[in-house]
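Here is the structure we will look at.
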Amino acid sequence: MDTRTITVIGAGMAGSEAAWQAAQRGAKVRLIEMRPVKMTPAHHTDKAAEIVCSNSFKSNHITNASGLLKQEMRRLDSLIVGCADASAVPAGEALAVDRDAFSEAVTAQLQAHPNIEFVRDEATSVPDEGVVIIASGPLTSDALAAKIGELTGRYDLYFYDAVAPIVDAATIDYDKVFKASRWGRSSESGGGGEAALNSASGGDAAYLNCPFEKDEYLAFHAELVKAEKAPVHDFEDIKYFEACLPVEELAARGPKTLAFGPLKPVGLEDPRTGRRPYAVVQLRQENSAATLYNLVGFQTRLKWGEQKRIFRMIPGLENAEFVRFGVMHRNTYIHSPSLLHPTLQMREHSRIHFAGQMVGVEGYLESAAMGLVAGINAARAVSEEAPVVFPEETALGALTQYVSAYEGKTFAPMNACWGLLPPLPERVKDKKEKGRLMAERARAAFDNLLVREHLAATAGV
Ligand SMILES: Cc1cc2nc3c(=O)[nH]c(=O)nc-3n(C[C@H](O)[C@H](O)[C@H](O)COP(=O)(O)OP(=O)(O)OC[C@H]3O[C@@H](n4cnc5c(N)ncnc54)[C@H](O)[C@@H]3O)c2cc1C
């Protein structure tokens, strides 16, 4: 094989987009997809970019981070967003698609492309030479996962994800929460963003604390135990670790289990009342800009609607916006912050790029977005051009920045959200106005990038 040919492994959301972007820039691409030779436990067809669950690509509105991401991808001739637009079904402000029409359109475009060779086979190793994009997704086959483990020096690629929800810091009620570390110690902090909190009014406090009165707590507990859980897929054999039990499982053991466990108030005195609350939910800073907080110990399998309803009963979170809900499901992703540049190239082997959910994003659109970045940079690698780093003010740049430079303790897949972009110089309370200003700033940065990097042109066929 010509070493100038780019090998893309996986024709899901990310691999399809990556192959398209590279091919449109004149590169020759070998796209390897194992279906139908070997199926994953969640896919049912041989189509590229098969949609495995919901048919929604979320908001299309520009004042929403997901809408901005789509807009940026459209401007770069995204195959996935283009086919989604062409197969859209009515869904209000969201972009939802006819799943069959969508995957058929993506497959047809890839198969018809003169620069793409579409191979149906399982990749069981990573090619020793040439430019490569690994986009084999959350259900990567075992043989390839083992090779990726060797390549990245980590063998913990298969996770049973236990992710706690994250809220937008701007939507927390600061009149109700208080800053404090247990017993006044800052050492229990998750690291990363401690400095930002230390400089704030809570002294060396590392956490935001949401204090429950007894009656509030009991009402919260009563809702938690009867809440609806997300269904478990056949291939997801749930094995919980005692230290990582879903919050609803702990709650089911009785009201005291949580109050004496993750919500214990000992060492936490509310400075406004001078006394210890009945129970406390701690929020830990998630990023250095302090725009995101996670709910400590709240890994959960509850349905998303239930999470929103019940976790908003926590004092201080009544109007919280959830930028990521808690999930517990099978996943495969690498520890990108220690392995990748924001160009999605490996730091140790720059010819190898990763894309899709595997880099630590979540969702169809975000996965495709990471394919777009990897595809552009792989094409530039074969033509010996410098790779592109998307500015962090853009939705594409915020995601690549998150995966390559996350500073916290527990790196977990993330959706596009405003909290990943640098905060605006001044706090804007109105959600729509904030979105509008963020989108305006992103557009200016994106316009500059297109000109500087000659990115808009995709006429290499
Ligand atoms: C069960 C499930 C439900 C989900 N539901 C949603 C949802 O409702 N909404 C949402 O936005 N996101 C959802 N996600 C997340 C979403 O699937 C992913 O974010 C997205 O599809 C990932 O894109 P990707 O390109 O990284 O992986 P995929 O789209 O999974 O593509 C990876 C491709 O690589 C192929 N492959 C794997 N191993 C090999 C190999 N060795 N050789 C060759 N090919 C290989 C696979 O067959 C597949 O086609 C869900 C994920 C799962 C697992």
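By convention in this document, the chains of the structure tokens carry letters A, B, ... by their order, each chain's residues are numbered from 1, and ligands are numbered from 1 in the order they are shown.
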*Kindly compile the residues surrounding ligand 1 within 7 Å, counting only C-alpha atoms and all ligand atoms, and format them as a PyMOL selection string.*
chain A and resi 9-15+32-35+39-40+42+48-57+121-124+135-141+143-144+233+330-331+355-358+362-365+367-368
Residues from last step as file, N, CA and C atoms, as a compact mmCIF listing (two decimals), in the first residue's frame:
# COMPACT_ATOMS: atom_id res chain seq x y z
N ILE A 9 -9.75 3.55 10.46
CA ILE A 9 -10.35 2.33 11.02
C ILE A 9 -11.69 2.67 11.65
N GLY A 10 -12.76 2.11 11.07
CA GLY A 10 -14.12 2.34 11.59
C GLY A 10 -14.87 3.34 10.73
N ALA A 11 -16.03 2.91 10.21
CA ALA A 11 -16.86 3.83 9.42
C ALA A 11 -18.12 4.17 10.20
N GLY A 12 -17.92 4.61 11.45
CA GLY A 12 -19.04 5.11 12.25
C GLY A 12 -19.15 6.60 12.03
N MET A 13 -19.61 7.31 13.05
CA MET A 13 -19.77 8.77 12.92
C MET A 13 -18.43 9.44 12.63
N ALA A 14 -17.42 9.07 13.41
CA ALA A 14 -16.13 9.76 13.29
C ALA A 14 -15.35 9.31 12.06
N GLY A 15 -15.28 7.99 11.83
CA GLY A 15 -14.49 7.49 10.72
C GLY A 15 -15.05 7.94 9.37
N ILE A 32 -11.63 1.23 6.63
CA ILE A 32 -11.86 -0.17 7.00
C ILE A 32 -12.99 -0.27 8.02
N GLU A 33 -14.05 -0.96 7.65
CA GLU A 33 -15.20 -1.14 8.55
C GLU A 33 -15.45 -2.64 8.72
N MET A 34 -15.57 -3.09 9.95
CA MET A 34 -15.71 -4.54 10.16
C MET A 34 -17.12 -5.08 9.92
N ARG A 35 -18.14 -4.21 10.01
CA ARG A 35 -19.49 -4.70 9.73
C ARG A 35 -19.69 -4.90 8.23
N MET A 39 -20.04 -7.97 13.60
CA MET A 39 -20.95 -6.93 14.08
C MET A 39 -20.53 -6.49 15.50
N THR A 40 -20.98 -5.31 15.90
CA THR A 40 -20.82 -4.91 17.31
C THR A 40 -22.12 -5.35 18.02
N ALA A 42 -24.21 -3.47 19.36
CA ALA A 42 -25.27 -2.45 19.27
C ALA A 42 -25.71 -2.13 17.84
N ALA A 48 -22.61 2.66 6.91
CA ALA A 48 -21.70 3.59 7.60
C ALA A 48 -22.55 4.51 8.48
N ALA A 49 -21.93 5.02 9.55
CA ALA A 49 -22.60 5.97 10.46
C ALA A 49 -23.99 5.49 10.87
N GLU A 50 -24.07 4.23 11.24
CA GLU A 50 -25.37 3.74 11.72
C GLU A 50 -25.70 4.41 13.06
N ILE A 51 -26.95 4.82 13.20
CA ILE A 51 -27.40 5.44 14.45
C ILE A 51 -27.90 4.33 15.36
N VAL A 52 -27.24 4.17 16.53
CA VAL A 52 -27.54 3.00 17.36
C VAL A 52 -28.68 3.22 18.34
N CYS A 53 -29.05 4.46 18.56
CA CYS A 53 -30.10 4.68 19.57
C CYS A 53 -31.00 5.84 19.14
N SER A 54 -31.03 6.92 19.90
CA SER A 54 -31.91 8.06 19.56
C SER A 54 -31.55 8.59 18.17
N ASN A 55 -32.55 9.16 17.46
CA ASN A 55 -32.27 9.70 16.13
C ASN A 55 -32.02 11.21 16.16
N SER A 56 -31.68 11.73 17.34
CA SER A 56 -31.49 13.18 17.47
C SER A 56 -30.02 13.59 17.51
N PHE A 57 -29.74 14.67 16.77
CA PHE A 57 -28.42 15.29 16.82
C PHE A 57 -28.48 16.57 17.67
N ASP A 121 -13.73 -5.29 6.61
CA ASP A 121 -12.87 -6.25 7.30
C ASP A 121 -12.63 -5.76 8.73
N GLU A 122 -12.31 -6.68 9.61
CA GLU A 122 -11.95 -6.26 10.96
C GLU A 122 -10.46 -5.87 10.98
N ALA A 123 -10.15 -4.68 11.44
CA ALA A 123 -8.74 -4.33 11.63
C ALA A 123 -8.33 -4.92 12.98
N THR A 124 -7.31 -5.76 12.95
CA THR A 124 -6.90 -6.39 14.22
C THR A 124 -5.59 -5.78 14.72
N ALA A 135 -10.77 5.18 14.62
CA ALA A 135 -12.11 5.71 14.94
C ALA A 135 -13.06 4.53 15.13
N SER A 136 -12.64 3.59 15.94
CA SER A 136 -13.41 2.34 16.06
C SER A 136 -14.46 2.40 17.17
N GLY A 137 -14.57 3.51 17.84
CA GLY A 137 -15.73 3.78 18.67
C GLY A 137 -15.80 3.07 20.01
N PRO A 138 -16.93 3.30 20.71
CA PRO A 138 -17.09 2.75 22.07
C PRO A 138 -17.16 1.23 22.10
N LEU A 139 -17.46 0.61 20.96
CA LEU A 139 -17.56 -0.84 20.92
C LEU A 139 -16.47 -1.44 20.03
N THR A 140 -15.29 -0.89 20.12
CA THR A 140 -14.12 -1.39 19.39
C THR A 140 -13.97 -2.90 19.61
N SER A 141 -13.61 -3.63 18.54
CA SER A 141 -13.47 -5.09 18.70
C SER A 141 -12.31 -5.39 19.66
N ALA A 143 -9.79 -7.49 19.62
CA ALA A 143 -8.42 -7.62 19.08
C ALA A 143 -7.79 -6.24 18.89
N LEU A 144 -8.56 -5.34 18.32
CA LEU A 144 -8.02 -3.99 18.09
C LEU A 144 -7.83 -3.26 19.41
N HIS A 233 -28.41 -2.64 28.38
CA HIS A 233 -28.31 -3.42 27.15
C HIS A 233 -27.80 -4.83 27.46
N ARG A 330 -21.17 0.69 29.07
CA ARG A 330 -19.90 0.23 28.55
C ARG A 330 -19.32 1.27 27.61
N ASN A 331 -18.03 1.43 27.67
CA ASN A 331 -17.39 2.44 26.84
C ASN A 331 -15.95 2.02 26.57
N ALA A 355 -9.93 9.46 16.75
CA ALA A 355 -11.13 10.27 16.51
C ALA A 355 -12.34 9.60 17.11
N GLY A 356 -13.40 10.38 17.31
CA GLY A 356 -14.67 9.83 17.77
C GLY A 356 -14.73 9.71 19.28
N GLN A 357 -15.69 8.92 19.72
CA GLN A 357 -15.91 8.75 21.15
C GLN A 357 -14.66 8.28 21.87
N MET A 358 -13.83 7.53 21.12
CA MET A 358 -12.58 6.99 21.66
C MET A 358 -11.67 8.07 22.28
N GLU A 362 -18.65 12.50 23.79
CA GLU A 362 -19.85 11.67 23.87
C GLU A 362 -20.89 12.20 22.89
N GLY A 363 -21.49 11.32 22.13
CA GLY A 363 -22.58 11.72 21.24
C GLY A 363 -22.21 11.60 19.78
N TYR A 364 -23.24 11.46 18.94
CA TYR A 364 -23.02 11.30 17.49
C TYR A 364 -22.27 12.50 16.93
N LEU A 365 -22.79 13.69 17.27
CA LEU A 365 -22.25 14.91 16.66
C LEU A 365 -20.82 15.17 17.12
N SER A 367 -18.69 13.07 18.21
CA SER A 367 -17.80 12.05 17.65
C SER A 367 -17.45 12.40 16.21
N ALA A 368 -18.48 12.80 15.45
CA ALA A 368 -18.22 13.20 14.06
C ALA A 368 -17.29 14.41 14.01
Please report, as a Markdown table, each residue of region 315-383 of chain A lying at most 12 Å from region 429-449 of chain A, together with the nearest pair of atoms and the separation in Å rounded to one decimal; use only C-alpha atoms, and order rows by chain and ascending residue number.
| residue | atom | partner | partner_atom | distance |
| --- | --- | --- | --- | --- |
| A:Asn319 | CA | A:Lys431 | CA | 11.8 |
| A:Ala320 | CA | A:Lys431 | CA | 11.8 |
| A:Glu321 | CA | A:Lys431 | CA | 10.1 |
Can I get the selected residues back with C-alpha atoms, as a PDB file, in the first residue's frame?
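Saved file out24.pdb follows:
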ATOM      1  CA  ASN A 319     -32.389  25.997  38.363  1.00  0.00           C
ATOM      2  CA  ALA A 320     -29.198  24.125  37.507  1.00  0.00           C
ATOM      3  CA  GLU A 321     -28.461  23.386  33.885  1.00  0.00           C
TER       4      GLU A 321
END
*Tell me which of A:Ile166, A:Leu317, A:Ala416, A:Ala91 sits closest to Val403 (chain A), counting only C-alpha atoms.*
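When distances to Val403 (chain A) are compared using only C-alpha atoms, the smallest one comes from A:Ala416.
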_Which residue of A:Phe325, A:Trp304, A:Phe354, A:Tyr293 approaches Asp168 (chain A) most closely, using only C-alpha atoms_ =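 Ranking A:Phe325, A:Trp304, A:Phe354, A:Tyr293 by distance to Asp168 (chain A), first place goes to A:Tyr293.
Using only C-alpha atoms, the contacts of Leu224 (chain A) at a cut-off of 9 Å, with sequence neighbours closer than 3 positions omitted, comprise A:Ala219, A:Phe220, A:His221, A:Ala227, A:Glu228, A:Val247, A:Glu248, A:Ala251, A:Ala252, A:Leu302, A:Glu306, A:Gln307, A:Ile310, A:Phe311.
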_Among the residues A:Ile6, A:Val131, A:Leu424, A:Leu396, the one that comes closest to Gln345 (chain A) [using only C-alpha atoms]_ =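 Between A:Ile6, A:Val131, A:Leu424, A:Leu396, the residue approaching Gln345 (chain A) most closely is A:Val131.
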